[in-house]
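> So I've got this file, query.txt, and it contains compact mmCIF, C-alpha atoms (C1' of nucleotides):
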```txt
# COMPACT_ATOMS: atom_id res chain seq x y z
CA MET A 15 -52.65 8.04 -4.30
CA GLN A 16 -52.91 11.77 -4.28
CA LYS A 17 -55.63 13.61 -2.49
CA ILE A 18 -57.48 16.26 -4.42
CA VAL A 19 -59.31 18.50 -2.04
CA THR A 20 -62.45 20.18 -3.29
CA ALA A 21 -65.48 21.80 -1.75
CA ASP A 22 -67.26 18.50 -2.33
CA GLY A 23 -64.76 16.35 -0.50
CA GLU A 24 -61.40 14.73 -1.00
CA PHE A 25 -61.03 12.84 -4.24
CA MET A 26 -58.26 10.33 -4.66
CA ALA A 27 -56.22 10.11 -7.82
CA ARG A 28 -53.83 7.39 -8.91
CA TYR A 29 -51.35 7.81 -11.69
CA SER A 30 -49.44 5.34 -13.80
CA GLU A 31 -46.44 5.97 -15.97
CA LYS A 32 -48.72 6.99 -18.78
CA GLY A 33 -51.23 9.21 -17.08
CA LEU A 34 -54.18 9.38 -14.76
CA ALA A 35 -55.33 5.81 -14.20
CA GLU A 36 -57.96 6.16 -11.52
CA LEU A 37 -60.07 8.71 -9.74
CA ASN A 38 -62.24 8.00 -6.72
CA PHE A 39 -65.11 9.80 -5.12
CA PRO A 40 -64.60 11.14 -1.60
CA ALA A 41 -64.71 8.30 0.90
CA ARG A 42 -67.76 8.98 2.97
CA GLY A 43 -68.40 7.62 6.38
CA ARG A 44 -66.06 4.84 7.28
CA ALA A 45 -62.37 4.93 6.73
CA ARG A 46 -61.19 3.99 3.31
CA ALA A 47 -59.55 0.72 2.49
CA PRO A 48 -55.86 1.05 3.26
CA VAL A 49 -54.75 -0.13 -0.17
CA GLY A 50 -51.25 0.60 0.95
CA ARG A 51 -49.66 3.91 0.30
CA HIS A 52 -48.91 4.12 -3.30
CA ARG A 53 -45.40 5.30 -3.82
CA GLY A 54 -44.63 6.33 -7.29
CA PRO A 55 -41.51 5.00 -8.95
CA ALA A 56 -39.09 5.68 -6.15
CA GLY A 57 -37.17 8.89 -6.11
CA LYS A 58 -38.17 11.54 -8.52
CA THR A 59 -41.66 12.86 -8.36
CA SER A 60 -41.20 13.97 -11.87
CA ALA A 61 -42.27 17.33 -13.14
CA LYS A 62 -44.49 15.31 -15.40
CA LEU A 63 -46.42 13.87 -12.50
CA ARG A 64 -46.80 17.19 -10.81
CA ARG A 65 -48.10 18.68 -14.01
CA TRP A 66 -50.67 15.91 -14.27
CA GLU A 67 -51.77 16.52 -10.73
CA ARG A 68 -52.23 20.19 -11.38
CA VAL A 69 -54.17 19.66 -14.59
CA THR A 70 -56.28 16.94 -13.03
CA LYS A 71 -57.27 19.12 -10.14
CA ALA A 72 -58.13 22.03 -12.39
CA ALA A 73 -60.21 19.80 -14.62
CA LEU A 74 -61.99 18.29 -11.65
CA MET A 75 -62.80 21.68 -10.18
CA SER A 76 -64.22 22.84 -13.49
CA ILE A 77 -66.45 19.84 -13.81
CA LEU A 78 -67.67 20.18 -10.25
CA ALA A 79 -68.58 23.75 -11.11
CA GLY A 80 -70.48 22.60 -14.15
CA ARG A 81 -67.99 24.00 -16.64
CA ALA A 82 -65.95 22.29 -19.33
CA PRO A 83 -62.30 21.79 -18.33
CA GLU A 84 -59.77 23.71 -20.39
CA LYS A 85 -57.35 20.85 -20.30
CA PHE A 86 -57.41 17.15 -19.63
CA PRO A 87 -54.55 15.19 -18.14
CA PRO A 88 -53.48 12.16 -20.16
CA LEU A 89 -55.56 9.16 -19.23
CA ASP A 90 -54.22 5.64 -18.86
CA LEU A 91 -57.36 3.62 -19.26
CA ASP A 92 -57.22 -0.02 -18.32
CA GLY A 93 -60.08 -2.12 -19.56
CA THR A 94 -61.40 -4.39 -22.26
CA ASP A 95 -61.59 -3.28 -25.83
CA PHE A 96 -65.29 -2.72 -25.53
CA GLN A 97 -64.94 -0.63 -22.41
CA ILE A 98 -62.26 1.59 -23.89
CA ARG A 99 -64.52 2.27 -26.83
CA VAL A 100 -67.37 3.24 -24.57
CA TRP A 101 -65.21 5.55 -22.49
CA HIS A 102 -63.95 7.28 -25.59
CA ALA A 103 -67.48 7.82 -26.77
CA LEU A 104 -68.34 9.33 -23.41
CA LEU A 105 -65.48 11.78 -23.66
CA LYS A 106 -67.14 13.23 -26.72
CA ILE A 107 -70.27 14.26 -24.87
CA PRO A 108 -70.01 18.00 -24.36
CA THR A 109 -70.70 19.64 -21.01
CA GLY A 110 -74.35 20.30 -20.43
CA ARG A 111 -75.49 17.64 -22.87
CA THR A 112 -76.65 14.12 -22.25
CA LYS A 113 -76.95 10.89 -24.17
CA SER A 114 -78.90 7.73 -23.58
CA TYR A 115 -77.29 4.34 -23.16
CA GLY A 116 -78.77 3.43 -26.49
CA GLU A 117 -77.15 6.38 -28.25
CA VAL A 118 -73.78 5.51 -26.78
CA ALA A 119 -74.23 1.93 -27.95
CA ARG A 120 -74.96 3.09 -31.47
CA ALA A 121 -72.03 5.50 -31.34
CA ILE A 122 -69.62 2.61 -30.91
CA GLY A 123 -71.30 0.59 -33.63
CA LYS A 124 -73.03 -1.93 -31.40
CA PRO A 125 -76.60 -0.73 -31.18
CA LYS A 126 -77.73 -3.78 -29.31
CA ALA A 127 -75.03 -3.70 -26.66
CA VAL A 128 -76.99 -1.19 -24.64
CA ARG A 129 -76.83 -3.23 -21.55
CA ALA A 130 -73.14 -3.78 -21.86
CA VAL A 131 -72.67 -0.03 -22.13
CA GLY A 132 -74.17 0.32 -18.69
CA GLY A 133 -71.66 -2.17 -17.43
CA ALA A 134 -68.80 -0.31 -19.03
CA CYS A 135 -69.92 2.92 -17.44
CA GLY A 136 -69.93 1.29 -14.06
CA ALA A 137 -66.42 0.08 -14.68
CA ASN A 138 -65.21 3.56 -15.56
CA PRO A 139 -61.98 4.10 -13.57
CA VAL A 140 -62.08 7.85 -13.97
CA PRO A 141 -65.53 9.21 -13.22
CA LEU A 142 -66.27 12.90 -13.77
CA LEU A 143 -63.50 13.34 -16.32
CA ILE A 144 -65.13 10.57 -18.28
CA PRO A 145 -68.67 11.81 -17.89
CA CYS A 146 -70.71 8.74 -17.09
CA HIS A 147 -73.09 11.03 -15.31
CA ARG A 148 -74.25 12.44 -18.66
CA VAL A 149 -75.68 9.10 -19.70
CA LEU A 150 -79.37 8.75 -18.98
CA ALA A 151 -81.87 6.01 -19.67
CA ALA A 152 -83.73 6.37 -22.95
CA ASN A 153 -86.93 7.61 -21.39
CA GLY A 154 -85.07 10.54 -19.88
CA LYS A 155 -84.87 8.88 -16.52
CA ILE A 156 -81.84 9.15 -14.33
CA GLY A 157 -80.59 5.59 -14.53
CA GLY A 158 -77.94 4.53 -12.08
CA TYR A 159 -74.54 5.74 -10.99
CA SER A 160 -71.57 4.07 -9.36
CA GLY A 161 -70.79 7.14 -7.31
CA GLY A 162 -74.35 7.40 -6.04
CA LEU A 163 -77.38 8.91 -7.66
CA ASP A 164 -77.13 12.05 -5.57
CA TRP A 165 -73.85 12.80 -7.27
CA LYS A 166 -75.29 12.21 -10.68
CA ARG A 167 -78.18 14.55 -10.06
CA LYS A 168 -75.95 17.18 -8.54
CA LEU A 169 -73.52 17.15 -11.43
CA LEU A 170 -76.24 17.35 -14.03
CA ALA A 171 -77.92 20.18 -12.18
CA ARG A 172 -74.66 22.14 -12.10
CA GLU A 173 -74.28 21.70 -15.83
CA GLY A 174 -77.73 23.07 -16.34
CA VAL A 175 -79.32 19.82 -17.41
CA LYS A 176 -82.90 19.44 -16.41
CA ALA A 177 -83.71 15.82 -15.88
C1' DC B 14 -72.61 -23.02 -17.17
C1' DC B 15 -76.21 -20.03 -15.52
C1' DC B 16 -77.49 -15.65 -13.44
C1' DA B 17 -77.64 -10.60 -12.88
C1' DC B 18 -76.98 -5.90 -14.47
C1' DA B 19 -76.45 1.77 -14.65
C1' DA B 20 -81.01 -0.76 -21.19
C1' DG B 21 -83.86 -0.94 -25.31
C1' DT B 22 -86.84 -2.73 -28.78
C1' DC B 23 -90.46 -5.67 -30.40
C1' DG B 24 -94.64 -8.24 -30.02
C1' DC B 25 -98.66 -9.59 -27.60
C1' DT B 26 -102.56 -8.80 -24.24
C1' DA C 16 -100.13 0.76 -20.22
C1' DG C 17 -97.94 -3.49 -18.67
C1' DC C 18 -95.30 -7.99 -19.49
C1' DG C 19 -92.01 -11.27 -21.55
C1' DA C 20 -88.37 -12.48 -24.56
C1' DC C 21 -84.22 -11.54 -26.78
C1' DT C 22 -80.28 -8.70 -27.37
C1' DT C 23 -74.40 -7.74 -25.63
C1' DG C 24 -70.39 -7.63 -22.56
C1' DT C 25 -68.67 -8.65 -18.17
C1' DG C 26 -68.17 -10.45 -13.55
C1' DG C 27 -69.65 -13.60 -9.93
C1' DG C 28 -71.76 -18.06 -8.06
```
Kindly present the structure from the file in structure tokens form.

Amino acid sequence: MQKIVTADGEFMARYSEKGLAELNFPARGRARAPVGRHRGPAGKTSAKLRRWERVTKAALMSILAGRAPEKFPPLDLDGTDFQIRVWHALLKIPTGRTKSYGEVARAIGKPKAVRAVGGACGANPVPLLIPCHRVLAANGKIGGYSGGLDWKRKLLAREGVKA
DNA sequence: CCCACAAGTCGCT
DNA sequence: AGCGACTTGTGGG
């Protein structure tokens, strides 16, 4: 687990052999679950990994500033087929734009799976890079957010979205 | 197996 | 304008 220090707190990133596998919001308040220190494959902290870390941090900083990242690190998404599809659809939402859960559901060809889309968003292992925060309820309301609604509002505000 | 959920639409009052 | 039922995928009792 690598710390990524930003003005908004310390994010935690976890990488697999294939790319960024997980990103966590700053642990507020109480100490974080130990989860054991995650040593990469012993020995070489490959140049690959360091490159990912650099790109990830840059991308994160951009998003926190309300701008579109220039580059994305490779993502190693672990989830069900349905979830992967949802996450991919989310990646296509441009900065400063929003979609409703219903639109996302239609985008993946399952217009009635609206509710399931919400679940998939909550299961998103890489928030911010996969912009769950740009998904609003159909009536333009804020909806929910796994990282806390304050985060969702803050991020949208920085992107210039008026909810 | 039944329930809840970051939803949405339809039908009925 | 509000309420109930049905819809899908997933995780927990």
> Interatomic distance between C1' of DG19 (chain C) and CA of Gly133 (chain A)?
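Result for C1' of DG19 (chain C) versus CA of Gly133 (chain A): 22.7 Å, one decimal.
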> Given only C-alpha atoms (C1' of nucleotides), how would the per-residue table for chain A near chain B read, listing every residue at most 6 Å away with its closest atom pair and distance in Å to one decimal, sorted by chain and number, as a Markdown table?

```
| residue | atom | partner | partner_atom | distance |
| --- | --- | --- | --- | --- |
| A:Val128 | CA | B:DA20 | C1' | 5.3 |
| A:Arg129 | CA | B:DA20 | C1' | 4.9 |
| A:Gly132 | CA | B:DA19 | C1' | 4.9 |
| A:Gly157 | CA | B:DA19 | C1' | 5.6 |
| A:Gly158 | CA | B:DA19 | C1' | 4.1 |
| A:Tyr159 | CA | B:DA19 | C1' | 5.7 |
```
> Select residues of chain C: the criterion is any atom within 10 Å of an atom of chain A, counting only C-alpha atoms (C1' of nucleotides); output as an mmCIF file with C-alpha atoms (C1' of nucleotides), keeping the file's coordinate frame.

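Generated file (iface-v2.cif):
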```
data_model
loop_
_atom_site.group_PDB
_atom_site.id
_atom_site.type_symbol
_atom_site.label_atom_id
_atom_site.label_comp_id
_atom_site.auth_asym_id
_atom_site.auth_seq_id
_atom_site.Cartn_x
_atom_site.Cartn_y
_atom_site.Cartn_z
ATOM 1 C "C1'" DT C 22 -80.280 -8.700 -27.370
ATOM 2 C "C1'" DT C 23 -74.400 -7.740 -25.630
ATOM 3 C "C1'" DG C 24 -70.390 -7.630 -22.560
ATOM 4 C "C1'" DT C 25 -68.670 -8.650 -18.170
ATOM 5 C "C1'" DG C 26 -68.170 -10.450 -13.550
#
```
> Pick the closest to Glu31 (chain A) from A:Thr59, A:Lys85, A:Asp90, A:Leu104: which is it, counting all atoms listed in the file?
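Checking each candidate against Glu31 (chain A), we get A:Asp90 as the closest.
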> Take CA of Lys71 (chain A) and CA of Met26 (chain A) and report the distance between them in Å, one decimal.
10.4 Å
> Extract, using all atoms listed in the file, all DNA, RNA and protein residues at most 12 Å from Trp165 (chain A), discarding same-chain residues fewer than 3 positions from it, and format them as a ChimeraX atom specification.
/A:22-23,39-40,78,141-142,145-148,156,158-162,168-172
> What is the CA of Asp92 (chain A) to CA of Leu34 (chain A) distance in Å?
10.5 Å
> Just checking: using all atoms listed in the file, which residue out of A:Gly123, A:Gly116, A:Val100, A:Lys155 ends up closest to Gly136 (chain A)?
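Ranked by minimum distance to Gly136 (chain A), first place goes to A:Val100.
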